[in-house]
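These notes concern the structure reproduced below.
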Amino acid sequence: MQRYLITGGRGYIGSVLARRLARSGAEVVVVDNGMVGGPELDLPGIAYVDGDVRDTGSWEKALEGVDAVVHLAAIVGDPACGVDPDTAWEVNYRGTIQVAEACRRADVRSLVFASTCSNYGVTGDREVDAWSPLAPQSVYAESKVMAEHYLLSLPHDMLSSRLLRFATIHGLSPRMRFDLAVNVMTANAVARGAVTVHGGTQWRPFLHVEDAASAVQLTLGDVRRIGTTVHNCGSREENYRMDAVGDLIAEEVPGTGVEIRKEQTDPRNYRVNFDPIARELGFSPSLRVVDTVRHIRDAMRDGEFADFGAARYSNHQIAVARREGSVRTRAL
Ligand SMILES: NC(=O)c1ccc[n+]([C@@H]2O[C@H](COP(=O)([O-])OP(=O)(O)OC[C@H]3O[C@@H](n4cnc5c(N)ncnc54)[C@H](O)[C@@H]3O)[C@@H](O)[C@H]2O)c1
């Protein structure tokens, strides 16, 4: 039986991944500090350890007998990292070094690292591949690029890493996020009958959260040990211009008005080639953006997520609350 350890396994992607791996018969240990309040799933095969990637000593024992680590724990998203850049560097960059070092001590030789297509920054209509120059636009992407550099610099016989640069994720998860484009735009369409698109001509690739988990699972099952690799994780058909996402949502949620605002609040604009992951790992997503729009629309019509604007669904709001909490504590 395979045994995997997932850092950040109570998060949006991690909770779907833990569920998927446990259902496939694997043993899963989740290490998470609970900072976004994600659930502990009551499923056979999953064990939870309360731990922080900045302090591996407190949970390193859990690495015993682990076949591979999936390192998802991070301060996630440009806005959340912008609230407290020092903590973002500590968790996303130094935390990755700590996890790799802990793997070395425990003789775990295989790591899957959650990176991001945000690393490409601003590329426009030109399609980029894994060898294209990176142009991170935020502390979040910079910290991911540096963590990639670190993992790529390690000798392959010490730790063989699979770096997956995920497209922007969407879809339902036990730890729901409504700070991701497709999710929040759909929720606004259902609740307010309006979708706002900032800019509109910028490109963005998308990937369903179940497909992100299935890509990690495929990567874990890939027994070719060929050293550290970098893959864009998504699919060519799921590159969209943001105005097209607005139109698609309006079609699925009749009565929705699409408001295009000139000012582009987020500079990112990238269109990504995902052919290598399809060719080399046989990865092909099973769900598209339109599926998430329908799933969220139907869930909201059934009365779910009336509170989709609540702080717990937004990493930025969680980061702000934590900062204010710590400021208050210091003042006391
Ligand atoms: N969601 C996306 O669109 C997307 C896209 C590209 C890459 N990624 C990457 O995928 C990974 C998971 O993202 P997500 O969307 O599930 O985000 P998330 O915020 O839902 O999950 C992150 C998890 O990490 C945990 N965590 C944070 N700091 C920690 C620490 N110091 N120690 C231990 N646990 C800690 C949180 O409690 C949370 O459960 C991240 O590395 C992210 O950068 C996500």
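By order of appearance in the structure tokens: chains A, B, ..., then residues from 1 within every chain, and ligands from 1 in the order shown.
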Inset, instruction - Pick out the residues no farther than 8 Å from ligand 1, counting only C-alpha atoms and all ligand atoms, and list them as number ranges by chain. - result: A: 7-15, 31-38, 50-54, 71-77, 91-92, 95, 113-118, 140, 144, 165-170, 175-177, 180, 209, 315
Inset, instruction - From a DSSP calculation on the backbone, collect every residue of range 91-292 of chain A in strand (DSSP E) and output the set as a ChimeraX atom specification. - result: /A:110-116,122-128,160-166,168-170,194-198,203-208,229-233,239-241,257-261,269-272
Legend entry - Selection: 12 Å around Gly25 in chain A, only C-alpha atoms, excl. self and same-chain fewer than 3 positions, as a ChimeraX atom specification: /A:1-4,18-22,28,43-46
Export C-alpha atoms of the chosen residues as a PDB file, in the first residue's frame?
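Result file part-v2.pdb:
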```pdb
ATOM      1  CA  MET A   1       0.000   0.000   0.000  1.00  0.00           C
ATOM      2  CA  GLN A   2       1.306   3.454  -0.896  1.00  0.00           C
ATOM      3  CA  ARG A   3       1.683   5.997   1.875  1.00  0.00           C
ATOM      4  CA  TYR A   4       1.658   9.712   1.063  1.00  0.00           C
ATOM      5  CA  ALA A  18      -6.588  13.540   0.274  1.00  0.00           C
ATOM      6  CA  ARG A  19     -10.080  12.210  -0.425  1.00  0.00           C
ATOM      7  CA  ARG A  20      -9.086  10.941  -3.869  1.00  0.00           C
ATOM      8  CA  LEU A  21      -5.908   9.192  -2.684  1.00  0.00           C
ATOM      9  CA  ALA A  22      -7.643   7.623   0.331  1.00  0.00           C
ATOM     10  CA  VAL A  28      -2.630   9.521   3.599  1.00  0.00           C
ATOM     11  CA  LEU A  43     -12.578   8.930   5.833  1.00  0.00           C
ATOM     12  CA  PRO A  44     -10.714   5.672   6.445  1.00  0.00           C
ATOM     13  CA  GLY A  45      -7.097   6.002   5.355  1.00  0.00           C
ATOM     14  CA  ILE A  46      -6.585   9.672   6.252  1.00  0.00           C
TER      15      ILE A  46
END
```
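Among the candidate residues A:Gly221, A:Pro205, A:Gly227, A:Pro133, the one lying nearest to Pro155 in chain A is A:Gly227, with distances computed using only C-alpha atoms.
You can rank A:Leu151, A:Leu134, A:Ala80, A:Ala278 by their closest distance to Tyr120 in chain A using only C-alpha atoms, and at the top of that list sits A:Leu134.
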Inset, instruction - Have a look at CA of Phe308 in chain A and CA of Ser214 in chain A and let me know their distance in Å, one decimal. - result: 26.2 Å
Legend entry - Residue among A:Val99, A:Val253, A:Ala68, A:Ala310 lying closest to Ala191 in chain A, counting only C-alpha atoms: A:Val253
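Residues surrounding range 240-248 of chain A within 6 Å are Gly200, Thr201, Gln202, Trp203 and Arg204 of chain A [only C-alpha atoms; sequence separation below 4 positions excluded].
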Could you tell me, as a PDB file with all heavy atoms, in the first residue's frame, which residues of range 232-293 of chain A DSSP assigns to helix (DSSP H, G or I) when given the backbone?
```
ATOM      1  N   ARG A 236      -4.813  22.714 -22.955  1.00  0.00           N
ATOM      2  CA  ARG A 236      -4.790  23.798 -23.941  1.00  0.00           C
ATOM      3  C   ARG A 236      -6.171  24.422 -24.150  1.00  0.00           C
ATOM      4  O   ARG A 236      -6.310  25.635 -24.208  1.00  0.00           O
ATOM      5  CB  ARG A 236      -4.271  23.224 -25.267  1.00  0.00           C
ATOM      6  CG  ARG A 236      -4.051  24.271 -26.292  1.00  0.00           C
ATOM      7  CD  ARG A 236      -3.344  23.692 -27.497  1.00  0.00           C
ATOM      8  NE  ARG A 236      -2.059  24.337 -27.671  1.00  0.00           N
ATOM      9  CZ  ARG A 236      -1.098  23.861 -28.428  1.00  0.00           C
ATOM     10  NH1 ARG A 236      -1.242  22.710 -29.042  1.00  0.00           N
ATOM     11  NH2 ARG A 236       0.019  24.535 -28.574  1.00  0.00           N
ATOM     12  N   GLU A 237      -7.227  23.573 -24.199  1.00  0.00           N
ATOM     13  CA  GLU A 237      -8.585  24.081 -24.479  1.00  0.00           C
ATOM     14  C   GLU A 237      -9.092  24.977 -23.359  1.00  0.00           C
ATOM     15  O   GLU A 237     -10.046  25.722 -23.552  1.00  0.00           O
ATOM     16  CB  GLU A 237      -9.614  22.945 -24.618  1.00  0.00           C
ATOM     17  CG  GLU A 237      -9.220  21.759 -25.458  1.00  0.00           C
ATOM     18  CD  GLU A 237      -8.229  20.864 -24.733  1.00  0.00           C
ATOM     19  OE1 GLU A 237      -8.602  20.284 -23.706  1.00  0.00           O
ATOM     20  OE2 GLU A 237      -7.067  20.749 -25.196  1.00  0.00           O
ATOM     21  N   GLU A 238      -8.494  24.868 -22.175  1.00  0.00           N
ATOM     22  CA  GLU A 238      -9.002  25.640 -21.046  1.00  0.00           C
ATOM     23  C   GLU A 238      -8.244  26.946 -20.829  1.00  0.00           C
ATOM     24  O   GLU A 238      -8.246  27.503 -19.725  1.00  0.00           O
ATOM     25  CB  GLU A 238      -9.038  24.774 -19.782  1.00  0.00           C
ATOM     26  CG  GLU A 238     -10.067  23.645 -19.859  1.00  0.00           C
ATOM     27  CD  GLU A 238     -11.505  24.159 -19.904  1.00  0.00           C
ATOM     28  OE1 GLU A 238     -12.057  24.443 -18.832  1.00  0.00           O
ATOM     29  OE2 GLU A 238     -12.041  24.277 -21.028  1.00  0.00           O
ATOM     30  N   MET A 242     -10.541  36.549 -20.332  1.00  0.00           N
ATOM     31  CA  MET A 242     -11.443  36.749 -19.206  1.00  0.00           C
ATOM     32  C   MET A 242     -12.818  37.266 -19.641  1.00  0.00           C
ATOM     33  O   MET A 242     -13.826  36.960 -18.999  1.00  0.00           O
ATOM     34  CB  MET A 242     -10.810  37.679 -18.162  1.00  0.00           C
ATOM     35  CG  MET A 242      -9.688  37.027 -17.368  1.00  0.00           C
ATOM     36  SD  MET A 242     -10.117  35.428 -16.635  1.00  0.00           S
ATOM     37  CE  MET A 242     -11.388  35.893 -15.475  1.00  0.00           C
ATOM     38  N   ASP A 243     -12.871  38.022 -20.747  1.00  0.00           N
ATOM     39  CA  ASP A 243     -14.209  38.451 -21.188  1.00  0.00           C
ATOM     40  C   ASP A 243     -15.044  37.249 -21.656  1.00  0.00           C
ATOM     41  O   ASP A 243     -16.268  37.220 -21.489  1.00  0.00           O
ATOM     42  CB  ASP A 243     -14.132  39.565 -22.253  1.00  0.00           C
ATOM     43  CG  ASP A 243     -13.210  39.238 -23.427  1.00  0.00           C
ATOM     44  OD1 ASP A 243     -12.657  38.116 -23.475  1.00  0.00           O
ATOM     45  OD2 ASP A 243     -13.048  40.120 -24.299  1.00  0.00           O
ATOM     46  N   ALA A 244     -14.357  36.220 -22.194  1.00  0.00           N
ATOM     47  CA  ALA A 244     -15.079  35.013 -22.614  1.00  0.00           C
ATOM     48  C   ALA A 244     -15.619  34.254 -21.403  1.00  0.00           C
ATOM     49  O   ALA A 244     -16.695  33.632 -21.472  1.00  0.00           O
ATOM     50  CB  ALA A 244     -14.155  34.117 -23.444  1.00  0.00           C
ATOM     51  N   VAL A 245     -14.893  34.314 -20.291  1.00  0.00           N
ATOM     52  CA  VAL A 245     -15.388  33.652 -19.070  1.00  0.00           C
ATOM     53  C   VAL A 245     -16.662  34.353 -18.601  1.00  0.00           C
ATOM     54  O   VAL A 245     -17.652  33.701 -18.236  1.00  0.00           O
ATOM     55  CB  VAL A 245     -14.310  33.674 -17.946  1.00  0.00           C
ATOM     56  CG1 VAL A 245     -14.863  33.113 -16.641  1.00  0.00           C
ATOM     57  CG2 VAL A 245     -13.080  32.887 -18.382  1.00  0.00           C
ATOM     58  N   GLY A 246     -16.652  35.690 -18.657  1.00  0.00           N
ATOM     59  CA  GLY A 246     -17.855  36.449 -18.281  1.00  0.00           C
ATOM     60  C   GLY A 246     -19.036  36.057 -19.160  1.00  0.00           C
ATOM     61  O   GLY A 246     -20.149  35.807 -18.661  1.00  0.00           O
ATOM     62  N   ASP A 247     -18.805  35.967 -20.468  1.00  0.00           N
ATOM     63  CA  ASP A 247     -19.892  35.611 -21.394  1.00  0.00           C
ATOM     64  C   ASP A 247     -20.406  34.197 -21.127  1.00  0.00           C
ATOM     65  O   ASP A 247     -21.608  33.937 -21.164  1.00  0.00           O
ATOM     66  CB  ASP A 247     -19.399  35.705 -22.850  1.00  0.00           C
ATOM     67  CG  ASP A 247     -19.133  37.152 -23.253  1.00  0.00           C
ATOM     68  OD1 ASP A 247     -19.597  38.061 -22.528  1.00  0.00           O
ATOM     69  OD2 ASP A 247     -18.449  37.369 -24.270  1.00  0.00           O
ATOM     70  N   LEU A 248     -19.479  33.297 -20.866  1.00  0.00           N
ATOM     71  CA  LEU A 248     -19.869  31.898 -20.620  1.00  0.00           C
ATOM     72  C   LEU A 248     -20.767  31.807 -19.371  1.00  0.00           C
ATOM     73  O   LEU A 248     -21.789  31.109 -19.372  1.00  0.00           O
ATOM     74  CB  LEU A 248     -18.584  31.092 -20.444  1.00  0.00           C
ATOM     75  CG  LEU A 248     -18.619  29.585 -20.314  1.00  0.00           C
ATOM     76  CD1 LEU A 248     -17.280  29.013 -20.777  1.00  0.00           C
ATOM     77  CD2 LEU A 248     -18.893  29.133 -18.912  1.00  0.00           C
ATOM     78  N   ILE A 249     -20.384  32.555 -18.336  1.00  0.00           N
ATOM     79  CA  ILE A 249     -21.182  32.532 -17.106  1.00  0.00           C
ATOM     80  C   ILE A 249     -22.571  33.130 -17.372  1.00  0.00           C
ATOM     81  O   ILE A 249     -23.600  32.597 -16.932  1.00  0.00           O
ATOM     82  CB  ILE A 249     -20.448  33.285 -15.968  1.00  0.00           C
ATOM     83  CG1 ILE A 249     -19.214  32.488 -15.552  1.00  0.00           C
ATOM     84  CG2 ILE A 249     -21.370  33.515 -14.770  1.00  0.00           C
ATOM     85  CD1 ILE A 249     -18.257  33.209 -14.608  1.00  0.00           C
ATOM     86  N   ALA A 250     -22.602  34.211 -18.149  1.00  0.00           N
ATOM     87  CA  ALA A 250     -23.892  34.862 -18.443  1.00  0.00           C
ATOM     88  C   ALA A 250     -24.815  33.914 -19.222  1.00  0.00           C
ATOM     89  O   ALA A 250     -26.030  33.924 -19.036  1.00  0.00           O
ATOM     90  CB  ALA A 250     -23.654  36.146 -19.231  1.00  0.00           C
ATOM     91  N   GLU A 251     -24.226  33.087 -20.051  1.00  0.00           N
ATOM     92  CA  GLU A 251     -25.044  32.120 -20.803  1.00  0.00           C
ATOM     93  C   GLU A 251     -25.646  31.061 -19.883  1.00  0.00           C
ATOM     94  O   GLU A 251     -26.781  30.629 -20.063  1.00  0.00           O
ATOM     95  CB  GLU A 251     -24.137  31.376 -21.800  1.00  0.00           C
ATOM     96  CG  GLU A 251     -24.454  31.688 -23.244  1.00  0.00           C
ATOM     97  CD  GLU A 251     -23.429  31.068 -24.156  1.00  0.00           C
ATOM     98  OE1 GLU A 251     -23.270  29.823 -24.117  1.00  0.00           O
ATOM     99  OE2 GLU A 251     -22.773  31.833 -24.886  1.00  0.00           O
ATOM    100  N   GLU A 252     -24.866  30.652 -18.873  1.00  0.00           N
ATOM    101  CA  GLU A 252     -25.322  29.583 -17.972  1.00  0.00           C
ATOM    102  C   GLU A 252     -26.205  30.094 -16.846  1.00  0.00           C
ATOM    103  O   GLU A 252     -26.927  29.325 -16.222  1.00  0.00           O
ATOM    104  CB  GLU A 252     -24.109  28.842 -17.380  1.00  0.00           C
ATOM    105  CG  GLU A 252     -23.277  28.101 -18.402  1.00  0.00           C
ATOM    106  CD  GLU A 252     -24.051  26.984 -19.096  1.00  0.00           C
ATOM    107  OE1 GLU A 252     -24.857  26.315 -18.419  1.00  0.00           O
ATOM    108  OE2 GLU A 252     -23.851  26.794 -20.309  1.00  0.00           O
ATOM    109  N   ASP A 275       0.839  20.685 -23.526  1.00  0.00           N
ATOM    110  CA  ASP A 275       1.000  19.427 -24.263  1.00  0.00           C
ATOM    111  C   ASP A 275       1.892  18.394 -23.547  1.00  0.00           C
ATOM    112  O   ASP A 275       1.563  17.205 -23.546  1.00  0.00           O
ATOM    113  CB  ASP A 275       1.553  19.692 -25.672  1.00  0.00           C
ATOM    114  CG  ASP A 275       0.540  20.452 -26.522  1.00  0.00           C
ATOM    115  OD1 ASP A 275      -0.635  20.544 -26.098  1.00  0.00           O
ATOM    116  OD2 ASP A 275       0.915  20.954 -27.597  1.00  0.00           O
ATOM    117  N   PRO A 276       3.023  18.818 -22.932  1.00  0.00           N
ATOM    118  CA  PRO A 276       3.899  17.794 -22.335  1.00  0.00           C
ATOM    119  C   PRO A 276       3.229  16.934 -21.259  1.00  0.00           C
ATOM    120  O   PRO A 276       3.459  15.729 -21.209  1.00  0.00           O
ATOM    121  CB  PRO A 276       5.053  18.616 -21.750  1.00  0.00           C
ATOM    122  CG  PRO A 276       5.111  19.823 -22.630  1.00  0.00           C
ATOM    123  CD  PRO A 276       3.675  20.139 -22.945  1.00  0.00           C
ATOM    124  N   ILE A 277       2.372  17.521 -20.439  1.00  0.00           N
ATOM    125  CA  ILE A 277       1.766  16.703 -19.376  1.00  0.00           C
ATOM    126  C   ILE A 277       0.758  15.708 -19.983  1.00  0.00           C
ATOM    127  O   ILE A 277       0.572  14.601 -19.473  1.00  0.00           O
ATOM    128  CB  ILE A 277       1.138  17.564 -18.256  1.00  0.00           C
ATOM    129  CG1 ILE A 277       0.882  16.707 -17.018  1.00  0.00           C
ATOM    130  CG2 ILE A 277      -0.124  18.289 -18.707  1.00  0.00           C
ATOM    131  CD1 ILE A 277       0.623  17.473 -15.748  1.00  0.00           C
ATOM    132  N   ALA A 278       0.154  16.105 -21.090  1.00  0.00           N
ATOM    133  CA  ALA A 278      -0.759  15.182 -21.784  1.00  0.00           C
ATOM    134  C   ALA A 278       0.053  14.048 -22.420  1.00  0.00           C
ATOM    135  O   ALA A 278      -0.276  12.863 -22.285  1.00  0.00           O
ATOM    136  CB  ALA A 278      -1.546  15.942 -22.847  1.00  0.00           C
ATOM    137  N   ARG A 279       1.130  14.429 -23.074  1.00  0.00           N
ATOM    138  CA  ARG A 279       1.950  13.454 -23.810  1.00  0.00           C
ATOM    139  C   ARG A 279       2.692  12.528 -22.854  1.00  0.00           C
ATOM    140  O   ARG A 279       2.689  11.312 -23.022  1.00  0.00           O
ATOM    141  CB  ARG A 279       2.956  14.250 -24.648  1.00  0.00           C
ATOM    142  CG  ARG A 279       3.518  13.513 -25.827  1.00  0.00           C
ATOM    143  CD  ARG A 279       4.374  14.424 -26.684  1.00  0.00           C
ATOM    144  NE  ARG A 279       5.368  15.166 -25.947  1.00  0.00           N
ATOM    145  CZ  ARG A 279       5.449  16.499 -25.930  1.00  0.00           C
ATOM    146  NH1 ARG A 279       4.606  17.237 -26.617  1.00  0.00           N
ATOM    147  NH2 ARG A 279       6.396  17.102 -25.241  1.00  0.00           N
ATOM    148  N   GLU A 280       3.314  13.106 -21.822  1.00  0.00           N
ATOM    149  CA  GLU A 280       4.217  12.305 -20.990  1.00  0.00           C
ATOM    150  C   GLU A 280       3.497  11.573 -19.861  1.00  0.00           C
ATOM    151  O   GLU A 280       3.899  10.479 -19.475  1.00  0.00           O
ATOM    152  CB  GLU A 280       5.326  13.199 -20.400  1.00  0.00           C
ATOM    153  CG  GLU A 280       6.274  13.692 -21.481  1.00  0.00           C
ATOM    154  CD  GLU A 280       7.127  14.868 -21.021  1.00  0.00           C
ATOM    155  OE1 GLU A 280       7.373  14.989 -19.806  1.00  0.00           O
ATOM    156  OE2 GLU A 280       7.534  15.669 -21.891  1.00  0.00           O
ATOM    157  N   LEU A 281       2.427  12.173 -19.337  1.00  0.00           N
ATOM    158  CA  LEU A 281       1.723  11.515 -18.224  1.00  0.00           C
ATOM    159  C   LEU A 281       0.327  11.037 -18.619  1.00  0.00           C
ATOM    160  O   LEU A 281      -0.380  10.449 -17.817  1.00  0.00           O
ATOM    161  CB  LEU A 281       1.619  12.458 -17.023  1.00  0.00           C
ATOM    162  CG  LEU A 281       2.920  12.842 -16.329  1.00  0.00           C
ATOM    163  CD1 LEU A 281       2.646  13.725 -15.121  1.00  0.00           C
ATOM    164  CD2 LEU A 281       3.679  11.605 -15.874  1.00  0.00           C
ATOM    165  N   VAL A 289     -14.528  24.623 -17.416  1.00  0.00           N
ATOM    166  CA  VAL A 289     -15.042  25.785 -16.682  1.00  0.00           C
ATOM    167  C   VAL A 289     -16.565  25.753 -16.612  1.00  0.00           C
ATOM    168  O   VAL A 289     -17.175  26.006 -15.565  1.00  0.00           O
ATOM    169  CB  VAL A 289     -14.545  27.096 -17.341  1.00  0.00           C
ATOM    170  CG1 VAL A 289     -15.344  28.293 -16.851  1.00  0.00           C
ATOM    171  CG2 VAL A 289     -13.057  27.310 -17.042  1.00  0.00           C
ATOM    172  N   VAL A 290     -17.197  25.395 -17.730  1.00  0.00           N
ATOM    173  CA  VAL A 290     -18.663  25.409 -17.765  1.00  0.00           C
ATOM    174  C   VAL A 290     -19.255  24.445 -16.733  1.00  0.00           C
ATOM    175  O   VAL A 290     -20.328  24.702 -16.173  1.00  0.00           O
ATOM    176  CB  VAL A 290     -19.179  25.112 -19.196  1.00  0.00           C
ATOM    177  CG1 VAL A 290     -18.898  23.675 -19.613  1.00  0.00           C
ATOM    178  CG2 VAL A 290     -20.661  25.440 -19.316  1.00  0.00           C
ATOM    179  N   ASP A 291     -18.550  23.359 -16.445  1.00  0.00           N
ATOM    180  CA  ASP A 291     -19.067  22.415 -15.448  1.00  0.00           C
ATOM    181  C   ASP A 291     -19.117  23.061 -14.069  1.00  0.00           C
ATOM    182  O   ASP A 291     -20.090  22.910 -13.330  1.00  0.00           O
ATOM    183  CB  ASP A 291     -18.192  21.150 -15.414  1.00  0.00           C
ATOM    184  CG  ASP A 291     -18.267  20.391 -16.728  1.00  0.00           C
ATOM    185  OD1 ASP A 291     -19.385  19.992 -17.111  1.00  0.00           O
ATOM    186  OD2 ASP A 291     -17.220  20.230 -17.394  1.00  0.00           O
ATOM    187  N   THR A 292     -18.053  23.790 -13.736  1.00  0.00           N
ATOM    188  CA  THR A 292     -18.052  24.476 -12.429  1.00  0.00           C
ATOM    189  C   THR A 292     -19.150  25.521 -12.359  1.00  0.00           C
ATOM    190  O   THR A 292     -19.830  25.669 -11.338  1.00  0.00           O
ATOM    191  CB  THR A 292     -16.666  25.117 -12.173  1.00  0.00           C
ATOM    192  OG1 THR A 292     -15.775  24.076 -11.832  1.00  0.00           O
ATOM    193  CG2 THR A 292     -16.710  26.133 -11.040  1.00  0.00           C
ATOM    194  N   VAL A 293     -19.330  26.268 -13.451  1.00  0.00           N
ATOM    195  CA  VAL A 293     -20.389  27.288 -13.447  1.00  0.00           C
ATOM    196  C   VAL A 293     -21.724  26.615 -13.126  1.00  0.00           C
ATOM    197  O   VAL A 293     -22.490  27.085 -12.273  1.00  0.00           O
ATOM    198  CB  VAL A 293     -20.437  28.029 -14.802  1.00  0.00           C
ATOM    199  CG1 VAL A 293     -21.610  29.005 -14.841  1.00  0.00           C
ATOM    200  CG2 VAL A 293     -19.119  28.765 -15.056  1.00  0.00           C
TER     201      VAL A 293
END
```
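Nearest-residue note for Tyr150 in chain A: choosing from A:Val272, A:Ala189, A:Ala106, A:Ala100, the minimum distance belongs to A:Ala100, counting only C-alpha atoms.
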Could you give me, as a tab-separated table (two decimals) with N, CA and C atoms, in the first residue's frame, the residues within 8 Å of Asp211 in chain A, counting only C-alpha atoms and dropping anything in the same chain fewer than 5 positions from it?
```
chain	number	residue	atom	x	y	z
A	285	PRO	N	-7.91	16.51	-18.61
A	285	PRO	CA	-8.94	16.87	-17.63
A	285	PRO	C	-10.31	16.35	-18.02
A	286	SER	N	-11.14	16.08	-17.02
A	286	SER	CA	-12.47	15.54	-17.32
A	286	SER	C	-13.55	16.61	-17.19
A	287	LEU	N	-13.20	17.75	-16.61
A	287	LEU	CA	-14.21	18.79	-16.37
A	287	LEU	C	-13.71	20.13	-16.91
```
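Comparing the minimum interatomic distances between Val69 in chain A and each of A:Glu148, A:Asp107, A:Asp125, A:Glu304, counting only C-alpha atoms, we find that A:Asp107 sits nearest.
Our summary of the geometry notes that CA of Thr123 in chain A is positioned 8.5 Å from CA of Ala135 in chain A.
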Inset, instruction - One decimal, Å: what's the distance from CA of Ala102 in chain A over to CA of Gly65 in chain A, could you say? - result: 13.1 Å
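Of the residues listed (A:Val66, A:Gly199, A:Pro174, A:Tyr93), A:Gly199 shows the shortest atom-to-atom separation from Pro267 in chain A; distances use only C-alpha atoms.
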